[in-house]
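See below for the structure under consideration.
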Amino acid sequence: MACGGGRGQAGAGRAAMALSGAMRAARGRCARALSSAVPPAAGTGATRGTGDTRGTGATRGTGDTIFALSSAPGRSGVAVIRASGPGSGAALRSLTGTPEPPPRVMALRRIRDPQTAESLDRGLVVWFPGPHSFTGEDCAELHVHGGPAVVSGVLRALGRLPGLRPAEPGEFTRRAFAHGKLDLTAAEGLRDLIGAETEAQRRQALRQMEGDLGRLYQRWSHALTQALAHLEAYIDFSEDDNVEEEVLTQVRVTVRALLQELRGHLRDGRRGELLREGVRAVIAGPPNVGKSSLLNLLCRRPAAIVSPTAGTTRDVLEVALDIGGYPLVLSDTAGLRQATDPVEREGVARARDRLCQADLVLAVLDATSVSPTPVALEAALAALEPPLGTPCVLVLNKADLLGGHRGSPSATGAQGQGPPATLLSCKTGEGLEALLELLTQQLAQLCGDPLLGSPSLTQSRHSRHLGACAAALERFGDLGDSGDLAVAAEQLRVARRELGRITGHVGAEDILDIIFRDFCVGK
């Protein structure tokens, strides 16, 4: 037994040595194959890897210096004006008449127009020499008083300096991407953080900006690269250098595990996208049950016209709300019934269309005309024809008219006998807290906790590339043990390329403009 074990260990050692040598020889061919699959992006300069869009420089040139107001426009106590590029230091010296302060140290300076020597303001300046800056280039910031005249005066003075030009939307962040300061997922996280309106959106965006999602995809890409390199080594050297079958078996094990993890990532119920874009909830129900009153109650303002006349609401009215830290896009719709008036028929048709697009349905019923029993509530809900599988919340309005004859409809959801239900009076506000708690629970189930578990998908483009990656891995698995290994290797290259397009490491030039144009100027 001992001798047999020794022979096995010796064989494994020889195989490892052979694989090591084969790997060194195969890496060059593998790298050439990986890079040849995607043509280099137009206009790329010195990059950190073939096919990598980083290092492309500025949007309209590689040596110019850009500037913009980076804080929000309008009157404020402090406005931040940023410059990035090789001329940032000279611009700072021109406006202050003094050398740059020590790096990353705020200094109080008088800011003057270099042409007229007129004093524009007295504020704080900061110097960030590259590569230790947000963009990776030399950067300067001027923190001035936020009055429109001060800001426009400083911007005009910068614009008159040679070699400086106003920044395009998202150009600071694009330069940070080009210099390897962040990948595309982190850039998208930064954009979402700037646009976040609720606590849950902020948490998700911050996690993505700090690189959690990018690191997940990079880990998968690294696993694919290793598997591809091993497969290339097996193809080239399995006969001559004694690279054993276990190498191919390990590649298949790695691919199967990655495919399983990727499928689980795709089956997240669109949690990240719902949290980023807002859960689309539709208020639906028969005419004159208080749908518009519910909208006004939730948004705490008279957003919709309320009338005792049935069929008042004709068009879809939409408002954005923050419910328990989750974003909710709430739509008030026309009452669902067989309408005879042409305008009302169009309103009902639009209500049906919006109902089909809903992530959550608030089904409003008249509490005085429906029994609170599970069977009756289910029948009333079915009459509205909500989309199959879409979560619903039953809101029994006009509870103030029930007097002492009140049931407990909320028990139906707790017992698993139907959707959750609650009593409400839009007139008195009674039951509003219970409804808000119920809505928060539903939103938490739809969006999840952005701080727990694996980071969620937040962009439709992520889903598209991950779907293509999974399809390539499935094709690899379908080839089986007797399949063409060259074709199998190509499927791994396709999968790796799709992952690289998410983070921007492979051929992402065609999507850069789409991503960065959504930023504000100065970001």
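Within each chain, counting starts at residue 1; across the structure tokens, chains are named A, B, ... in the order shown, with ligands numbered 1 upward in that order.
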Could you please write out, as a count of residues only, every residue of segment 217-298 of chain A that DSSP assigns to alpha helix (DSSP H)? 58
Excluding same-chain residues fewer than 6 positions from Asp484 of chain A, what lies within 12 Å of it counting only C-alpha atoms, as a JSON list (two decimals) with N, CA, C and O atoms, in the first residue's frame?
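The resulting file, part.json, is reproduced below:
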```
[["chain", "number", "residue", "atom", "x", "y", "z"],
["A", 231, "LEU", "N", -7.02, 24.20, -19.81],
["A", 231, "LEU", "CA", -7.53, 23.50, -20.98],
["A", 231, "LEU", "C", -6.59, 23.67, -22.17],
["A", 231, "LEU", "O", -6.33, 22.71, -22.92],
["A", 235, "ILE", "N", -4.70, 20.70, -24.20],
["A", 235, "ILE", "CA", -4.80, 20.52, -25.65],
["A", 235, "ILE", "C", -3.41, 20.42, -26.28],
["A", 235, "ILE", "O", -3.15, 19.57, -27.14],
["A", 475, "ARG", "N", -22.92, 25.65, -23.14],
["A", 475, "ARG", "CA", -22.46, 25.01, -24.38],
["A", 475, "ARG", "C", -21.18, 24.23, -24.13],
["A", 475, "ARG", "O", -20.97, 23.16, -24.71],
["A", 476, "PHE", "N", -20.33, 24.75, -23.27],
["A", 476, "PHE", "CA", -19.12, 24.02, -22.89],
["A", 476, "PHE", "C", -19.48, 22.68, -22.26],
["A", 476, "PHE", "O", -18.92, 21.64, -22.60],
["A", 477, "GLY", "N", -20.44, 22.69, -21.33],
["A", 477, "GLY", "CA", -20.85, 21.46, -20.67],
["A", 477, "GLY", "C", -21.53, 20.49, -21.61],
["A", 477, "GLY", "O", -21.39, 19.27, -21.46],
["A", 478, "ASP", "N", -22.26, 21.00, -22.61],
["A", 478, "ASP", "CA", -22.97, 20.13, -23.54],
["A", 478, "ASP", "C", -22.03, 19.36, -24.46],
["A", 478, "ASP", "O", -22.43, 18.34, -25.04],
["A", 490, "GLU", "N", -13.04, 27.75, -26.91],
["A", 490, "GLU", "CA", -13.64, 28.97, -27.45],
["A", 490, "GLU", "C", -14.84, 29.40, -26.61],
["A", 490, "GLU", "O", -15.05, 30.60, -26.39],
["A", 491, "GLN", "N", -15.62, 28.44, -26.10],
["A", 491, "GLN", "CA", -16.76, 28.80, -25.25],
["A", 491, "GLN", "C", -16.29, 29.45, -23.95],
["A", 491, "GLN", "O", -16.94, 30.36, -23.44]]
```
Can you check which residues of segment 263-440 of chain A DSSP gives as strand (DSSP E) on the backbone and send them as a ChimeraX atom specification? /A:279-284,317-323,326-332,360-366,392-397,421-423
So that I can check the surroundings of segment 316-320 of chain A, please list as an mmCIF file with N, CA and C atoms, in the first residue's frame every protein, DNA and RNA residue that reaches within 8 Å of it, counting only C-alpha atoms and ignoring chain neighbours fewer than 4 positions away.
```cif
data_model
loop_
_atom_site.group_PDB
_atom_site.id
_atom_site.type_symbol
_atom_site.label_atom_id
_atom_site.label_comp_id
_atom_site.auth_asym_id
_atom_site.auth_seq_id
_atom_site.Cartn_x
_atom_site.Cartn_y
_atom_site.Cartn_z
ATOM 1 N N CYS A 299 -48.924 60.050 -0.313
ATOM 2 C CA CYS A 299 -47.954 61.094 -0.673
ATOM 3 C C CYS A 299 -48.167 62.391 0.100
ATOM 4 N N ALA A 304 -53.972 63.876 -6.600
ATOM 5 C CA ALA A 304 -55.032 63.412 -7.504
ATOM 6 C C ALA A 304 -56.347 64.094 -7.159
ATOM 7 N N PRO A 327 -37.631 52.553 -2.311
ATOM 8 C CA PRO A 327 -38.265 53.420 -3.317
ATOM 9 C C PRO A 327 -39.516 52.770 -3.888
ATOM 10 N N LEU A 328 -40.590 53.528 -3.937
ATOM 11 C CA LEU A 328 -41.862 53.045 -4.468
ATOM 12 C C LEU A 328 -42.355 54.039 -5.506
ATOM 13 N N VAL A 329 -42.633 53.553 -6.707
ATOM 14 C CA VAL A 329 -43.225 54.367 -7.771
ATOM 15 C C VAL A 329 -44.691 53.959 -7.854
ATOM 16 N N LEU A 330 -45.557 54.821 -7.322
ATOM 17 C CA LEU A 330 -46.966 54.477 -7.126
ATOM 18 C C LEU A 330 -47.823 55.104 -8.223
ATOM 19 N N SER A 331 -48.687 54.287 -8.836
ATOM 20 C CA SER A 331 -49.558 54.756 -9.922
ATOM 21 C C SER A 331 -51.019 54.637 -9.517
ATOM 22 N N ASP A 332 -51.754 55.734 -9.681
ATOM 23 C CA ASP A 332 -53.206 55.725 -9.503
ATOM 24 C C ASP A 332 -53.832 55.520 -10.867
ATOM 25 N N THR A 333 -54.806 54.624 -10.949
ATOM 26 C CA THR A 333 -55.383 54.269 -12.242
ATOM 27 C C THR A 333 -56.902 54.396 -12.217
ATOM 28 N N ALA A 334 -57.471 54.332 -13.387
ATOM 29 C CA ALA A 334 -58.924 54.423 -13.519
ATOM 30 C C ALA A 334 -59.599 53.194 -12.905
ATOM 31 N N GLY A 347 -59.170 55.087 -20.420
ATOM 32 C CA GLY A 347 -58.568 55.091 -19.084
ATOM 33 C C GLY A 347 -58.490 53.702 -18.487
ATOM 34 N N ARG A 350 -55.689 51.813 -20.177
ATOM 35 C CA ARG A 350 -54.376 52.205 -19.649
ATOM 36 C C ARG A 350 -54.153 51.627 -18.260
ATOM 37 N N ALA A 351 -55.213 51.541 -17.479
ATOM 38 C CA ALA A 351 -55.091 50.941 -16.150
ATOM 39 C C ALA A 351 -54.705 49.472 -16.265
#
```
Write out as a VMD selection string each polymer residue whose atoms come within 9 Å of Ala495 of chain A, counting only C-alpha atoms; drop sequence neighbours fewer than 2 positions from it. chain A and resid 221 224 465 to 466 468 to 473 490 to 493 497 to 500
Writing out the chosen residues with all heavy atoms as a CSV table (one decimal), in the first residue's frame:
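Saved file selection08.csv follows:
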```
chain,number,residue,atom,x,y,z
A,221,SER,N,-14.1,35.8,-13.3
A,221,SER,CA,-13.2,35.9,-14.5
A,221,SER,C,-11.9,35.3,-14.3
A,221,SER,O,-11.3,34.6,-15.2
A,221,SER,CB,-13.0,37.4,-14.8
A,221,SER,OG,-12.2,37.6,-16.0
A,224,LEU,N,-12.3,31.6,-14.7
A,224,LEU,CA,-12.4,31.2,-16.1
A,224,LEU,C,-11.1,31.3,-16.8
A,224,LEU,O,-10.7,30.4,-17.6
A,224,LEU,CB,-13.4,32.1,-16.8
A,224,LEU,CG,-14.9,31.8,-16.7
A,224,LEU,CD1,-15.7,32.9,-17.4
A,224,LEU,CD2,-15.2,30.4,-17.3
A,465,HIS,N,-25.1,40.4,-20.2
A,465,HIS,CA,-23.8,39.8,-20.3
A,465,HIS,C,-23.7,38.5,-19.5
A,465,HIS,O,-23.0,37.6,-19.9
A,465,HIS,CB,-22.7,40.8,-19.9
A,465,HIS,CG,-22.6,41.9,-20.9
A,465,HIS,ND1,-22.4,41.8,-22.2
A,465,HIS,CD2,-22.6,43.3,-20.7
A,465,HIS,CE1,-22.3,42.9,-22.8
A,465,HIS,NE2,-22.4,43.9,-21.9
A,466,LEU,N,-24.3,38.5,-18.3
A,466,LEU,CA,-24.2,37.3,-17.5
A,466,LEU,C,-25.0,36.2,-18.1
A,466,LEU,O,-24.6,35.0,-18.1
A,466,LEU,CB,-24.7,37.6,-16.1
A,466,LEU,CG,-23.8,38.4,-15.2
A,466,LEU,CD1,-24.5,38.7,-13.9
A,466,LEU,CD2,-22.5,37.7,-14.9
A,468,ALA,N,-25.4,35.8,-21.4
A,468,ALA,CA,-24.5,35.3,-22.5
A,468,ALA,C,-23.4,34.4,-21.9
A,468,ALA,O,-23.0,33.4,-22.5
A,468,ALA,CB,-24.0,36.4,-23.3
A,469,CYS,N,-22.8,34.8,-20.8
A,469,CYS,CA,-21.7,34.0,-20.1
A,469,CYS,C,-22.3,32.7,-19.7
A,469,CYS,O,-21.6,31.6,-20.0
A,469,CYS,CB,-21.2,34.8,-18.9
A,469,CYS,SG,-20.0,33.9,-18.0
A,470,ALA,N,-23.4,32.6,-19.1
A,470,ALA,CA,-24.0,31.3,-18.7
A,470,ALA,C,-24.3,30.4,-19.9
A,470,ALA,O,-24.1,29.2,-19.9
A,470,ALA,CB,-25.3,31.6,-17.9
A,471,ALA,N,-24.8,31.0,-21.0
A,471,ALA,CA,-25.1,30.3,-22.2
A,471,ALA,C,-23.8,29.6,-22.8
A,471,ALA,O,-23.8,28.5,-23.2
A,471,ALA,CB,-25.7,31.1,-23.2
A,472,ALA,N,-22.7,30.4,-22.7
A,472,ALA,CA,-21.4,29.8,-23.2
A,472,ALA,C,-20.9,28.7,-22.3
A,472,ALA,O,-20.4,27.7,-22.8
A,472,ALA,CB,-20.4,30.9,-23.3
A,473,LEU,N,-21.1,28.8,-21.0
A,473,LEU,CA,-20.7,27.8,-20.1
A,473,LEU,C,-21.6,26.5,-20.3
A,473,LEU,O,-21.1,25.4,-20.2
A,473,LEU,CB,-20.7,28.3,-18.7
A,473,LEU,CG,-19.8,29.4,-18.3
A,473,LEU,CD1,-19.9,29.7,-16.8
A,473,LEU,CD2,-18.3,29.0,-18.6
A,490,GLU,N,-13.0,27.7,-26.9
A,490,GLU,CA,-13.6,29.0,-27.4
A,490,GLU,C,-14.8,29.4,-26.6
A,490,GLU,O,-15.1,30.6,-26.4
A,490,GLU,CB,-14.1,28.8,-28.9
A,490,GLU,CG,-14.8,29.9,-29.5
A,490,GLU,CD,-13.9,31.2,-29.5
A,490,GLU,OE1,-12.7,31.1,-29.5
A,490,GLU,OE2,-14.5,32.3,-29.6
A,491,GLN,N,-15.6,28.4,-26.1
A,491,GLN,CA,-16.8,28.8,-25.3
A,491,GLN,C,-16.3,29.4,-24.0
A,491,GLN,O,-16.9,30.4,-23.4
A,491,GLN,CB,-17.6,27.6,-25.0
A,491,GLN,CG,-18.2,26.9,-26.2
A,491,GLN,CD,-19.0,27.9,-27.0
A,491,GLN,OE1,-19.8,28.8,-26.5
A,491,GLN,NE2,-18.9,27.9,-28.3
A,492,LEU,N,-15.2,29.0,-23.4
A,492,LEU,CA,-14.6,29.6,-22.2
A,492,LEU,C,-14.2,31.0,-22.5
A,492,LEU,O,-14.3,31.9,-21.7
A,492,LEU,CB,-13.5,28.8,-21.6
A,492,LEU,CG,-13.8,27.4,-21.1
A,492,LEU,CD1,-12.6,26.8,-20.4
A,492,LEU,CD2,-15.0,27.5,-20.1
A,493,ARG,N,-13.6,31.2,-23.7
A,493,ARG,CA,-13.2,32.6,-24.1
A,493,ARG,C,-14.4,33.5,-24.2
A,493,ARG,O,-14.3,34.7,-23.8
A,493,ARG,CB,-12.4,32.5,-25.4
A,493,ARG,CG,-10.9,32.1,-25.2
A,493,ARG,CD,-10.1,32.3,-26.5
A,493,ARG,NE,-10.4,31.4,-27.5
A,493,ARG,CZ,-9.9,30.2,-27.7
A,493,ARG,NH1,-8.9,29.8,-26.8
A,493,ARG,NH2,-10.2,29.4,-28.7
A,497,ARG,N,-15.1,36.8,-21.9
A,497,ARG,CA,-15.2,38.1,-22.6
A,497,ARG,C,-16.5,38.8,-22.1
A,497,ARG,O,-16.5,40.0,-21.9
A,497,ARG,CB,-15.3,37.9,-24.1
A,497,ARG,CG,-15.3,39.2,-24.9
A,497,ARG,CD,-15.0,39.0,-26.4
A,497,ARG,NE,-16.0,38.2,-27.0
A,497,ARG,CZ,-15.7,37.0,-27.6
A,497,ARG,NH1,-14.5,36.5,-27.5
A,497,ARG,NH2,-16.7,36.3,-28.2
A,498,GLU,N,-17.6,38.0,-21.9
A,498,GLU,CA,-18.8,38.6,-21.5
A,498,GLU,C,-18.7,39.2,-20.0
A,498,GLU,O,-19.2,40.2,-19.7
A,498,GLU,CB,-20.0,37.6,-21.5
A,498,GLU,CG,-20.3,37.1,-22.9
A,498,GLU,CD,-20.9,38.3,-23.8
A,498,GLU,OE1,-21.4,39.2,-23.2
A,498,GLU,OE2,-20.8,38.2,-25.0
A,499,LEU,N,-18.0,38.5,-19.2
A,499,LEU,CA,-17.7,39.0,-17.8
A,499,LEU,C,-16.9,40.2,-17.9
A,499,LEU,O,-17.1,41.2,-17.2
A,499,LEU,CB,-17.0,37.9,-17.0
A,499,LEU,CG,-17.8,36.8,-16.4
A,499,LEU,CD1,-16.9,35.8,-15.6
A,499,LEU,CD2,-18.9,37.3,-15.5
A,500,GLY,N,-15.9,40.2,-18.8
A,500,GLY,CA,-15.0,41.4,-18.9
A,500,GLY,C,-15.7,42.7,-19.3
A,500,GLY,O,-15.4,43.8,-19.0
```
State, in Å with one decimal place, the distance from atom CA of Leu355 of chain A to atom CA of Ser463 of chain A.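 Going from atom CA of Leu355 of chain A over to atom CA of Ser463 of chain A covers 24.3 Å.
Among A:Gly418, A:Pro302, A:Pro114, A:Gly429, the residue with the shortest atom-to-atom distance to Ala157 of chain A, counting only C-alpha atoms, is A:Pro114.
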At a cut-off of 12 Å, using only C-alpha atoms, what residues contact Gly467 of chain A? Leave out same-chain residues fewer than 5 positions from it and give the result as a CSV table (one decimal) with C-alpha atoms, in the first residue's frame.
```csv
chain,number,residue,atom,x,y,z
A,259,LEU,CA,-22.2,28.0,-13.8
A,262,LEU,CA,-23.8,32.3,-11.9
A,263,ARG,CA,-27.3,30.9,-12.3
A,264,GLY,CA,-28.0,31.6,-8.6
A,265,HIS,CA,-26.9,35.2,-9.1
A,266,LEU,CA,-29.2,35.6,-12.1
A,267,ARG,CA,-32.2,34.2,-10.1
A,457,LEU,CA,-27.6,42.8,-10.1
A,460,SER,CA,-30.0,45.2,-17.2
A,461,ARG,CA,-26.7,45.2,-19.1
A,462,HIS,CA,-25.3,43.0,-16.3
A,472,ALA,CA,-21.4,29.8,-23.2
A,473,LEU,CA,-20.7,27.8,-20.1
A,474,GLU,CA,-23.7,25.6,-20.8
A,494,VAL,CA,-16.7,33.8,-24.9
A,495,ALA,CA,-17.8,33.5,-21.3
A,498,GLU,CA,-18.8,38.6,-21.5
A,499,LEU,CA,-17.7,39.0,-17.8
A,502,ILE,CA,-19.4,44.1,-17.3
```
